[in-house]
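Printed here is run.csv (CSV, C-alpha atoms):
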```csv
chain,number,residue,atom,x,y,z
A,1,MET,CA,32.5,4.1,26.4
A,2,ASN,CA,33.1,0.6,27.7
A,3,CYS,CA,32.8,-2.7,25.8
A,4,LEU,CA,29.2,-3.3,26.8
A,5,GLU,CA,28.1,0.2,25.7
A,6,LEU,CA,30.0,-0.2,22.4
A,7,ARG,CA,28.5,-3.5,21.6
A,8,ARG,CA,25.0,-2.3,22.3
A,9,ALA,CA,25.6,0.7,20.1
A,10,LEU,CA,27.0,-1.3,17.2
A,11,GLY,CA,24.4,-4.0,17.7
A,12,ALA,CA,21.8,-1.5,16.6
A,13,GLU,CA,23.9,0.5,14.1
A,14,PRO,CA,26.9,-1.7,12.9
A,15,SER,CA,28.2,1.0,10.6
A,16,ARG,CA,28.1,3.8,13.2
A,17,ARG,CA,31.5,5.3,13.7
A,18,THR,CA,32.3,8.2,16.0
A,19,LEU,CA,35.6,9.3,17.4
A,20,GLU,CA,34.7,7.5,20.6
A,21,ILE,CA,33.9,4.3,18.8
A,22,GLU,CA,37.0,4.5,16.6
A,23,ALA,CA,39.2,5.0,19.6
A,24,HIS,CA,37.7,2.1,21.4
A,25,LEU,CA,38.0,-0.2,18.4
A,26,ALA,CA,41.6,0.8,18.0
A,27,ALA,CA,42.4,-0.1,21.5
A,28,CYS,CA,40.3,-3.3,22.0
A,29,PRO,CA,40.9,-6.2,19.6
A,30,GLY,CA,37.9,-8.1,21.0
A,31,CYS,CA,35.5,-5.4,20.1
A,32,ALA,CA,37.2,-4.8,16.8
A,33,ALA,CA,36.6,-8.4,15.9
A,34,HIS,CA,33.0,-8.1,17.1
A,35,ALA,CA,32.5,-5.0,15.0
A,36,GLU,CA,33.9,-6.8,11.9
A,37,GLU,CA,31.6,-9.7,12.5
A,38,LEU,CA,28.6,-7.4,12.8
A,39,ALA,CA,29.6,-5.7,9.5
A,40,SER,CA,30.0,-9.0,7.8
A,41,PHE,CA,26.6,-10.1,9.0
A,42,ASP,CA,25.0,-6.9,7.7
A,43,ARG,CA,26.6,-7.5,4.2
A,44,LEU,CA,25.0,-10.9,4.1
A,45,LEU,CA,21.8,-9.4,5.3
A,46,LEU,CA,21.8,-6.9,2.6
A,47,ARG,CA,22.3,-9.6,0.0
A,48,ALA,CA,19.4,-11.5,1.5
A,49,LEU,CA,17.1,-8.5,1.4
A,50,GLN,CA,17.8,-7.8,-2.2
A,51,VAL,CA,15.3,-10.3,-3.5
A,52,PRO,CA,14.9,-10.5,-7.3
A,53,VAL,CA,12.6,-7.9,-8.7
A,54,PRO,CA,10.1,-9.3,-11.2
A,55,ALA,CA,10.4,-7.8,-14.6
A,56,THR,CA,6.7,-7.3,-14.9
A,57,ALA,CA,6.3,-5.5,-11.6
A,58,ALA,CA,5.0,-2.0,-11.3
A,59,ARG,CA,4.2,-0.7,-14.7
A,60,VAL,CA,3.8,3.0,-14.5
A,61,PRO,CA,0.0,3.5,-14.1
A,62,THR,CA,-0.6,5.5,-17.2
A,63,GLY,CA,-0.7,2.7,-19.7
A,64,VAL,CA,-3.5,0.4,-20.8
A,65,PRO,CA,-5.7,-1.5,-18.4
A,66,ARG,CA,-4.4,-4.8,-17.2
A,67,ARG,CA,-7.5,-6.8,-17.9
A,68,SER,CA,-9.0,-7.5,-21.2
A,69,TRP,CA,-12.7,-6.6,-21.3
A,70,LEU,CA,-15.1,-9.5,-21.5
A,71,ALA,CA,-18.3,-9.3,-23.3
A,72,LEU,CA,-20.5,-10.2,-20.4
A,73,ALA,CA,-22.0,-6.9,-19.6
A,74,ALA,CA,-24.7,-6.8,-17.1
A,75,SER,CA,-26.3,-3.5,-16.7
A,76,ILE,CA,-27.2,-2.3,-13.3
A,77,PHE,CA,-30.8,-2.5,-12.7
A,78,GLY,CA,-33.6,-2.5,-10.1
A,79,ALA,CA,-32.5,0.0,-7.6
A,80,ALA,CA,-33.2,3.1,-9.6
A,81,ILE,CA,-36.6,1.8,-10.5
A,82,LEU,CA,-37.5,0.5,-7.2
A,83,GLY,CA,-36.2,3.1,-5.0
A,84,ALA,CA,-36.3,6.4,-6.8
A,85,GLY,CA,-37.0,9.0,-4.2
A,86,LEU,CA,-37.7,6.5,-1.5
A,87,TRP,CA,-35.2,7.2,1.2
A,88,THR,CA,-35.5,4.8,4.2
A,89,PHE,CA,-33.0,5.6,6.8
A,90,TYR,CA,-31.8,2.2,8.0
A,91,PRO,CA,-30.2,1.6,11.3
A,92,ARG,CA,-26.4,1.8,11.1
A,93,GLU,CA,-25.4,-0.8,8.4
A,94,ALA,CA,-22.0,-2.4,8.5
A,95,LEU,CA,-21.4,-1.8,4.8
A,96,ALA,CA,-22.5,1.8,5.0
A,97,SER,CA,-20.3,2.3,8.0
A,98,ALA,CA,-17.4,0.8,6.2
A,99,VAL,CA,-17.9,3.0,3.2
A,100,VAL,CA,-18.1,6.1,5.4
A,101,GLY,CA,-15.0,4.9,7.3
A,102,HIS,CA,-13.1,4.6,4.1
A,103,MET,CA,-13.7,8.3,3.4
A,104,ALA,CA,-11.3,9.1,6.2
A,105,HIS,CA,-8.5,7.6,4.2
A,106,GLU,CA,-9.0,9.6,1.1
A,107,PRO,CA,-9.6,13.2,2.2
A,108,GLU,CA,-7.7,14.5,-0.8
A,109,SER,CA,-10.2,12.8,-3.2
A,110,TRP,CA,-12.8,15.5,-2.6
A,111,GLU,CA,-10.5,18.3,-3.7
A,112,THR,CA,-9.7,17.1,-7.2
A,113,THR,CA,-11.3,18.9,-10.1
A,114,LYS,CA,-9.5,17.8,-13.2
A,115,PRO,CA,-10.9,14.9,-15.2
A,116,VAL,CA,-9.0,11.6,-14.7
A,117,PRO,CA,-7.2,10.5,-17.8
A,118,ALA,CA,-9.1,7.8,-19.7
A,119,SER,CA,-6.3,5.3,-19.4
A,120,GLU,CA,-6.0,5.7,-15.7
A,121,LEU,CA,-9.8,5.4,-15.2
A,122,ALA,CA,-9.9,2.3,-17.4
A,123,TYR,CA,-7.1,0.8,-15.3
A,124,VAL,CA,-9.0,1.3,-12.0
A,125,LEU,CA,-12.3,0.1,-13.4
A,126,GLY,CA,-10.8,-2.8,-15.3
A,127,ARG,CA,-9.1,-4.1,-12.3
A,128,ALA,CA,-12.5,-4.7,-10.7
A,129,GLY,CA,-14.2,-5.8,-13.9
A,130,VAL,CA,-16.2,-2.6,-14.2
A,131,GLN,CA,-17.1,-0.4,-17.1
A,132,LEU,CA,-18.5,3.1,-17.1
A,133,ALA,CA,-20.7,4.3,-20.0
A,134,PRO,CA,-19.5,7.5,-21.8
A,135,ASP,CA,-22.5,9.5,-20.5
A,136,ALA,CA,-21.5,8.8,-16.9
A,137,PRO,CA,-20.8,11.9,-14.7
A,138,GLU,CA,-17.3,13.2,-15.2
A,139,VAL,CA,-14.8,11.4,-13.0
A,140,THR,CA,-12.3,13.6,-11.2
A,141,TYR,CA,-10.7,11.0,-8.9
A,142,ALA,CA,-10.1,7.3,-9.5
A,143,MET,CA,-8.3,4.9,-7.2
A,144,SER,CA,-8.3,1.2,-6.9
A,145,CYS,CA,-8.8,0.7,-3.2
A,146,TRP,CA,-8.5,-2.4,-1.1
A,147,PHE,CA,-11.9,-2.6,0.6
A,148,ARG,CA,-13.3,-5.6,2.5
A,149,GLY,CA,-11.1,-8.0,0.6
A,150,TRP,CA,-11.4,-6.7,-2.9
A,151,HIS,CA,-10.0,-4.1,-5.2
A,152,VAL,CA,-12.8,-1.6,-5.4
A,153,PRO,CA,-13.0,1.4,-7.8
A,154,HIS,CA,-13.2,4.5,-5.6
A,155,LEU,CA,-14.3,7.4,-7.8
A,156,VAL,CA,-15.3,11.0,-7.3
A,157,VAL,CA,-17.7,12.3,-9.9
A,158,HIS,CA,-18.4,15.9,-10.6
A,159,THR,CA,-22.1,16.8,-10.4
A,160,ALA,CA,-24.2,20.0,-10.4
A,161,ASN,CA,-24.4,19.6,-6.6
A,162,GLY,CA,-20.8,19.2,-5.9
A,163,PRO,CA,-18.5,16.2,-5.8
A,164,MET,CA,-19.9,12.8,-4.9
A,165,THR,CA,-18.0,9.7,-4.2
A,166,VAL,CA,-18.8,6.4,-5.9
A,167,MET,CA,-17.6,3.0,-4.8
A,168,VAL,CA,-18.4,0.1,-7.0
A,169,LEU,CA,-18.9,-2.9,-4.7
A,170,ARG,CA,-19.4,-5.8,-7.0
A,171,HIS,CA,-18.8,-8.3,-4.3
A,172,GLU,CA,-21.2,-6.9,-1.7
A,173,LYS,CA,-24.6,-8.6,-1.5
A,174,VAL,CA,-27.2,-6.0,-1.1
A,175,THR,CA,-30.8,-6.9,-1.5
A,176,ALA,CA,-32.4,-3.5,-1.2
A,177,ARG,CA,-31.5,0.1,-1.6
A,178,GLN,CA,-30.1,1.5,1.7
A,179,ALA,CA,-29.9,5.1,2.5
A,180,PHE,CA,-27.7,6.3,5.2
A,181,ASP,CA,-26.7,9.5,7.0
A,182,GLU,CA,-23.7,9.2,9.3
A,183,GLY,CA,-20.3,10.5,10.0
A,184,GLY,CA,-20.9,13.7,8.1
A,185,TYR,CA,-21.9,11.9,4.9
A,186,ARG,CA,-25.2,11.2,3.3
A,187,GLY,CA,-25.5,8.5,0.8
A,188,VAL,CA,-27.1,5.5,-0.7
A,189,ILE,CA,-26.1,1.9,-1.4
A,190,VAL,CA,-27.8,0.6,-4.5
A,191,PRO,CA,-28.0,-3.1,-5.6
A,192,ALA,CA,-26.4,-3.6,-9.0
A,193,GLY,CA,-26.1,-6.8,-10.8
A,194,ARG,CA,-24.8,-9.3,-8.2
A,195,GLY,CA,-23.2,-6.5,-6.2
A,196,ALA,CA,-23.8,-2.9,-5.4
A,197,PHE,CA,-22.5,0.6,-5.7
A,198,ALA,CA,-22.4,3.3,-3.1
A,199,VAL,CA,-22.9,7.1,-3.7
A,200,LEU,CA,-21.9,9.5,-1.0
A,201,ALA,CA,-21.9,13.2,-0.6
A,202,LYS,CA,-21.1,15.5,2.3
A,203,THR,CA,-24.3,16.4,4.1
A,204,SER,CA,-24.6,19.7,2.3
A,205,ALA,CA,-26.1,17.6,-0.6
A,206,THR,CA,-29.7,16.5,-0.3
A,207,ALA,CA,-31.0,13.0,-0.6
A,208,ALA,CA,-32.7,13.9,-3.8
A,209,ASP,CA,-29.4,15.2,-5.2
A,210,ILE,CA,-27.8,11.9,-4.4
A,211,ASP,CA,-30.7,10.0,-5.9
A,212,VAL,CA,-30.3,11.8,-9.2
A,213,VAL,CA,-26.6,10.7,-9.4
A,214,ALA,CA,-27.4,7.2,-8.2
A,215,ASP,CA,-30.0,6.8,-10.9
A,216,ARG,CA,-27.7,8.1,-13.6
A,217,LEU,CA,-25.0,5.7,-12.4
A,218,SER,CA,-27.4,2.8,-12.4
A,219,ARG,CA,-27.5,3.3,-16.2
A,220,ALA,CA,-23.8,3.9,-16.6
A,221,VAL,CA,-22.1,1.2,-14.5
A,222,ARG,CA,-21.6,-2.2,-16.0
A,223,PHE,CA,-19.8,-5.3,-14.9
A,224,THR,CA,-17.6,-7.1,-17.4
A,225,ASP,CA,-17.1,-10.5,-16.0
B,1,MET,CA,0.0,16.8,-14.8
B,2,SER,CA,-1.3,15.6,-18.1
B,3,GLY,CA,1.7,16.9,-20.1
B,4,SER,CA,4.4,14.6,-21.3
B,5,GLU,CA,7.1,16.2,-19.1
B,6,PRO,CA,5.7,15.2,-15.7
B,7,ARG,CA,5.0,11.8,-17.0
B,8,ALA,CA,8.5,11.3,-18.4
B,9,ARG,CA,9.9,12.5,-15.0
B,10,PHE,CA,7.6,10.1,-13.2
B,11,GLU,CA,8.4,7.2,-15.4
B,12,ALA,CA,12.1,7.9,-14.9
B,13,LEU,CA,11.8,8.0,-11.2
B,14,CYS,CA,9.7,4.9,-11.1
B,15,GLY,CA,12.1,3.0,-13.2
B,16,ARG,CA,15.0,4.0,-11.0
B,17,LEU,CA,13.1,3.3,-7.7
B,18,ARG,CA,11.2,0.2,-8.7
B,19,PRO,CA,13.6,-2.3,-7.2
B,20,ASP,CA,13.6,-0.5,-3.9
B,21,LEU,CA,9.9,-0.2,-3.9
B,22,PHE,CA,9.2,-3.8,-4.8
B,23,ARG,CA,11.7,-5.1,-2.2
B,24,PHE,CA,10.3,-2.9,0.5
B,25,ALA,CA,6.8,-4.1,-0.3
B,26,TYR,CA,8.0,-7.6,-0.4
B,27,TRP,CA,9.5,-7.4,3.1
B,28,LEU,CA,6.3,-5.8,4.4
B,29,ALA,CA,4.0,-8.4,2.8
B,30,ARG,CA,6.3,-11.5,2.6
B,31,ASP,CA,4.5,-12.4,-0.5
B,32,ARG,CA,5.6,-11.5,-4.0
B,33,THR,CA,2.1,-11.3,-5.5
B,34,VAL,CA,0.9,-9.0,-2.7
B,35,ALA,CA,4.1,-7.0,-3.1
B,36,GLU,CA,3.4,-6.4,-6.8
B,37,ASP,CA,-0.1,-5.3,-6.0
B,38,VAL,CA,1.1,-2.9,-3.4
B,39,VAL,CA,3.7,-1.5,-5.8
B,40,GLN,CA,1.1,-1.0,-8.5
B,41,ASP,CA,-1.3,0.7,-6.1
B,42,THR,CA,1.5,2.8,-4.8
B,43,LEU,CA,2.4,4.1,-8.2
B,44,LEU,CA,-1.1,4.8,-9.1
B,45,ARG,CA,-1.6,6.9,-6.0
B,46,ALA,CA,1.8,8.5,-6.4
B,47,TRP,CA,1.0,9.5,-9.9
B,48,ARG,CA,-2.2,11.1,-8.7
B,49,SER,CA,-0.4,13.2,-6.2
B,50,PHE,CA,2.9,13.6,-8.2
B,51,GLY,CA,2.5,17.4,-8.1
B,52,SER,CA,3.1,17.4,-4.4
B,53,LEU,CA,6.5,15.9,-4.8
B,54,GLY,CA,9.2,18.5,-4.5
B,55,SER,CA,12.7,17.4,-5.6
B,56,ASP,CA,13.6,14.1,-7.1
B,57,THR,CA,15.7,13.3,-4.1
B,58,ALA,CA,12.6,13.2,-1.9
B,59,ALA,CA,11.0,10.6,-4.3
B,60,ARG,CA,12.2,7.5,-2.6
B,61,PRO,CA,11.0,8.2,1.0
B,62,TRP,CA,7.8,9.7,-0.6
B,63,LEU,CA,7.2,6.4,-2.4
B,64,LEU,CA,8.1,4.2,0.5
B,65,THR,CA,5.7,6.2,2.7
B,66,ILE,CA,2.9,5.7,0.2
B,67,ALA,CA,3.7,2.0,-0.1
B,68,ARG,CA,3.7,1.6,3.6
B,69,ARG,CA,0.3,3.3,3.8
B,70,GLU,CA,-1.0,1.2,0.9
B,71,PHE,CA,0.0,-2.0,2.6
B,72,ALA,CA,-1.6,-0.9,5.9
B,73,ARG,CA,-4.7,0.1,4.1
B,74,ARG,CA,-4.9,-3.2,2.4
B,75,PHE,CA,-4.8,-5.2,5.6
B,76,GLU,CA,-6.2,-3.0,8.3
B,77,ARG,CA,-9.7,-4.3,7.7
B,78,LYS,CA,-8.5,-7.9,7.4
B,79,ARG,CA,-6.4,-8.3,10.4
B,80,PHE,CA,-7.2,-11.9,10.5
B,81,GLU,CA,-5.4,-12.3,7.1
B,82,THR,CA,-2.0,-13.1,8.4
B,83,VAL,CA,0.7,-15.0,6.6
B,84,ASP,CA,1.5,-18.3,8.2
B,85,ILE,CA,5.3,-18.7,7.9
B,86,ASP,CA,4.8,-22.4,7.4
B,87,ASP,CA,2.8,-21.6,4.3
B,88,LEU,CA,5.4,-19.2,2.8
B,89,SER,CA,6.5,-20.8,-0.4
B,90,ASP,CA,8.6,-18.0,-1.6
B,91,LEU,CA,11.8,-19.7,-0.7
B,92,GLU,CA,10.9,-22.4,-3.1
B,93,ASP,CA,10.3,-19.8,-5.8
B,94,PRO,CA,13.0,-20.3,-8.4
B,95,ALA,CA,13.1,-16.5,-8.8
B,96,LEU,CA,14.3,-16.2,-5.2
B,97,ALA,CA,16.5,-19.3,-5.1
B,98,ALA,CA,18.4,-18.8,-8.4
B,99,ALA,CA,22.0,-18.0,-8.0
B,100,ASP,CA,21.8,-17.2,-4.4
B,101,ALA,CA,24.1,-18.9,-2.0
B,102,GLN,CA,22.8,-21.0,0.8
B,103,ASP,CA,23.8,-18.5,3.5
B,104,VAL,CA,21.7,-15.8,1.7
B,105,MET,CA,18.7,-18.2,1.5
B,106,ASP,CA,19.1,-19.0,5.2
B,107,VAL,CA,19.0,-15.3,6.2
B,108,ARG,CA,16.1,-14.7,3.9
B,109,ALA,CA,14.2,-17.5,5.6
B,110,ALA,CA,15.1,-16.1,9.0
B,111,MET,CA,13.9,-12.6,7.9
B,112,LEU,CA,10.5,-14.1,6.9
B,113,LYS,CA,10.1,-15.4,10.5
B,114,LEU,CA,11.0,-12.1,12.1
B,115,GLU,CA,8.1,-10.2,13.5
B,116,ALA,CA,7.1,-7.1,11.6
B,117,ASP,CA,8.0,-4.7,14.4
B,118,TYR,CA,11.6,-5.9,14.0
B,119,ARG,CA,11.7,-6.7,10.3
B,120,GLU,CA,10.6,-3.3,9.1
B,121,PRO,CA,13.2,-1.1,10.8
B,122,LEU,CA,15.9,-3.5,9.8
B,123,VAL,CA,14.8,-3.3,6.2
B,124,LEU,CA,14.7,0.4,6.3
B,125,GLN,CA,18.2,0.6,7.8
B,126,VAL,CA,20.0,-2.1,5.8
B,127,LEU,CA,18.3,-2.1,2.5
B,128,MET,CA,17.1,1.5,2.3
B,129,GLY,CA,20.0,3.1,4.1
B,130,TYR,CA,17.8,5.1,6.4
B,131,THR,CA,19.3,6.7,9.5
B,132,THR,CA,17.8,5.9,12.9
B,133,GLU,CA,16.2,9.3,12.9
B,134,GLU,CA,14.6,8.7,9.5
B,135,ILE,CA,13.3,5.3,10.6
B,136,ALA,CA,11.9,6.9,13.7
B,137,THR,CA,10.0,9.5,11.6
B,138,GLN,CA,8.8,6.8,9.2
B,139,LEU,CA,7.6,4.5,11.9
B,140,GLU,CA,6.5,7.2,14.3
B,141,LEU,CA,8.7,5.9,17.1
B,142,THR,CA,11.4,7.6,19.2
B,143,PRO,CA,15.0,7.1,18.0
B,144,GLY,CA,15.6,5.2,21.2
B,145,ALA,CA,12.8,2.8,20.5
B,146,VAL,CA,14.2,2.3,17.0
B,147,LEU,CA,17.6,1.5,18.3
B,148,THR,CA,16.2,-1.1,20.7
B,149,ARG,CA,14.3,-2.7,17.8
B,150,LEU,CA,17.3,-2.7,15.6
B,151,PHE,CA,19.4,-4.3,18.2
B,152,ARG,CA,16.8,-6.9,19.1
B,153,ALA,CA,16.1,-7.6,15.4
B,154,ARG,CA,19.7,-8.7,14.9
B,155,GLN,CA,19.7,-10.7,18.0
B,156,LYS,CA,16.5,-12.5,17.0
B,157,LEU,CA,17.8,-13.1,13.5
B,158,ARG,CA,20.9,-14.8,14.9
B,159,ALA,CA,18.9,-16.8,17.2
B,160,ILE,CA,16.7,-18.0,14.4
B,161,LEU,CA,19.8,-18.8,12.4
B,162,GLY,CA,21.0,-21.0,15.2
B,163,GLY,CA,23.6,-18.7,16.5
B,164,THR,CA,23.6,-17.6,20.0
B,165,ALA,CA,22.0,-14.3,20.7
B,166,GLU,CA,24.5,-12.3,22.6
B,167,GLU,CA,23.9,-11.7,26.2
B,168,LEU,CA,24.4,-8.0,26.6
```

Please re-express this file's structure in structure tokens.
Amino acid sequence: MNCLELRRALGAEPSRRTLEIEAHLAACPGCAAHAEELASFDRLLLRALQVPVPATAARVPTGVPRRSWLALAASIFGAAILGAGLWTFYPREALASAVVGHMAHEPESWETTKPVPASELAYVLGRAGVQLAPDAPEVTYAMSCWFRGWHVPHLVVHTANGPMTVMVLRHEKVTARQAFDEGGYRGVIVPAGRGAFAVLAKTSATAADIDVVADRLSRAVRFTD
Amino acid sequence: MSGSEPRARFEALCGRLRPDLFRFAYWLARDRTVAEDVVQDTLLRAWRSFGSLGSDTAARPWLLTIARREFARRFERKRFETVDIDDLSDLEDPALAAADAQDVMDVRAAMLKLEADYREPLVLQVLMGYTTEEIATQLELTPGAVLTRLFRARQKLRAILGGTAEEL
């Protein structure tokens, strides 16, 4: 190992020591000084990387919701009344495609069967300013997902026709009920308050099955601020 | 997973690993608020899949992998949302500035300017103590590519700091 090889090796791994490296450093004062300089820089770098950790960071997600609930509850309306049973298959919609695309990130969500603890569900919903009435379908998966610029509740609900995914999209402007069937998923996006929610199932579920769940959710989902 | 024992174990692990997790998220995001969000999302997701964690010794790489995925998930649809280094105000944050020497602050500022491709392997190596092979696995690179990035990362840092990058 010559000086160039040694400096390349230590430039990437300053703390690396092999018999060959040790032997070179013992015989070469220039490289030994260089190695000490690299080690000294790494000690400084470590101190720099150890930024202060906020005391409030990262509560374990089993506690109470972060947000307080506000009284402004606007029930979801319209879609269930307007669109019950009317499935119009729109051309590929950007929002529907994004929702379907999101499914690829959460394959494990469909496998869950146990009810999500109430505190965890409240946290996920509360983060997006959403409430779910007690008579809503049982939630077996709840995650706060970053979706198109917002934290969005991503839920899986247990239904008589198998699991269905629900994404509450309070920031998406949707003027009419949109049914879609793409990427192995069938679903509907339903206007709700000033936003919307999406219900998806794998294509083994029928449009009517999904409608039933969407209508039930229309009565159960509420926005809190 | 609803019993108190898994929860106590999870809380103990999180308490121990929280500084690492936050710092890793911070150096990914270069923003304390985003880092806190990433950490919170990471813990939520980790709790949901806590049953898949084997021994406690695997907890740190497990959490860091989740955090990395959470960060990517957060920004993959908003690629235009990049942090302008001129807008980074963290170095003015008293929480960062307090009690730290000027040389530490200078290196921190230089790290904020380092491209993600170089910043991340350096953080994994220096802060997390990962081996080159572990970094390669985490970043899905070859060990050779990791070594190249680590070498260049230090060169670039020194150049940013005003030193002369060595000609090797």

If the cut-off is 8 Å, can you tell me the residues of chain A near chain B, counting all atoms listed in the file? I'd like them as a PDB file with C-alpha atoms, in the coordinates of the input.
```pdb
ATOM      1  CA  LEU A   4      29.200  -3.300  26.800  1.00  0.00           C
ATOM      2  CA  ARG A   7      28.500  -3.500  21.600  1.00  0.00           C
ATOM      3  CA  ARG A   8      25.000  -2.300  22.300  1.00  0.00           C
ATOM      4  CA  GLY A  11      24.400  -4.000  17.700  1.00  0.00           C
ATOM      5  CA  ALA A  12      21.800  -1.500  16.600  1.00  0.00           C
ATOM      6  CA  GLU A  13      23.900   0.500  14.100  1.00  0.00           C
ATOM      7  CA  ASP A  42      25.000  -6.900   7.700  1.00  0.00           C
ATOM      8  CA  LEU A  44      25.000 -10.900   4.100  1.00  0.00           C
ATOM      9  CA  LEU A  45      21.800  -9.400   5.300  1.00  0.00           C
ATOM     10  CA  LEU A  46      21.800  -6.900   2.600  1.00  0.00           C
ATOM     11  CA  ARG A  47      22.300  -9.600   0.000  1.00  0.00           C
ATOM     12  CA  ALA A  48      19.400 -11.500   1.500  1.00  0.00           C
ATOM     13  CA  LEU A  49      17.100  -8.500   1.400  1.00  0.00           C
ATOM     14  CA  GLN A  50      17.800  -7.800  -2.200  1.00  0.00           C
ATOM     15  CA  VAL A  51      15.300 -10.300  -3.500  1.00  0.00           C
ATOM     16  CA  PRO A  52      14.900 -10.500  -7.300  1.00  0.00           C
ATOM     17  CA  VAL A  53      12.600  -7.900  -8.700  1.00  0.00           C
ATOM     18  CA  ALA A  57       6.300  -5.500 -11.600  1.00  0.00           C
ATOM     19  CA  ALA A  58       5.000  -2.000 -11.300  1.00  0.00           C
ATOM     20  CA  ARG A  59       4.200  -0.700 -14.700  1.00  0.00           C
ATOM     21  CA  VAL A  60       3.800   3.000 -14.500  1.00  0.00           C
ATOM     22  CA  PRO A  61       0.000   3.500 -14.100  1.00  0.00           C
ATOM     23  CA  PRO A 117      -7.200  10.500 -17.800  1.00  0.00           C
ATOM     24  CA  MET A 143      -8.300   4.900  -7.200  1.00  0.00           C
ATOM     25  CA  SER A 144      -8.300   1.200  -6.900  1.00  0.00           C
ATOM     26  CA  CYS A 145      -8.800   0.700  -3.200  1.00  0.00           C
ATOM     27  CA  TRP A 146      -8.500  -2.400  -1.100  1.00  0.00           C
ATOM     28  CA  PHE A 147     -11.900  -2.600   0.600  1.00  0.00           C
ATOM     29  CA  ARG A 148     -13.300  -5.600   2.500  1.00  0.00           C
ATOM     30  CA  GLY A 149     -11.100  -8.000   0.600  1.00  0.00           C
TER      31      GLY A 149
END
```

- Task: Name all residues at most 8 Å from segment 27-40 of chain A (count all atoms listed in the file; drop same-chain ones fewer than 5 positions away) and give them as a list in words.
- Result: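 Everything that qualifies: Cys3, Leu6, Arg7, Leu10, Gly11, Pro14 and Ser15 of chain A.
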
A straight line from atom CA of Ala196 of chain A to atom CA of Val174 of chain A spans 6.3 Å

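For the pair atom CA of Thr112 of chain A and atom CA of Val199 of chain A, the interatomic distance is 16.9 Å.
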
Atom CA of Ala201 of chain A to atom CA of Gly162 of chain A, distance in Å rounded to a single decimal =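 That distance, rounded to one decimal, is 8.1 Å.
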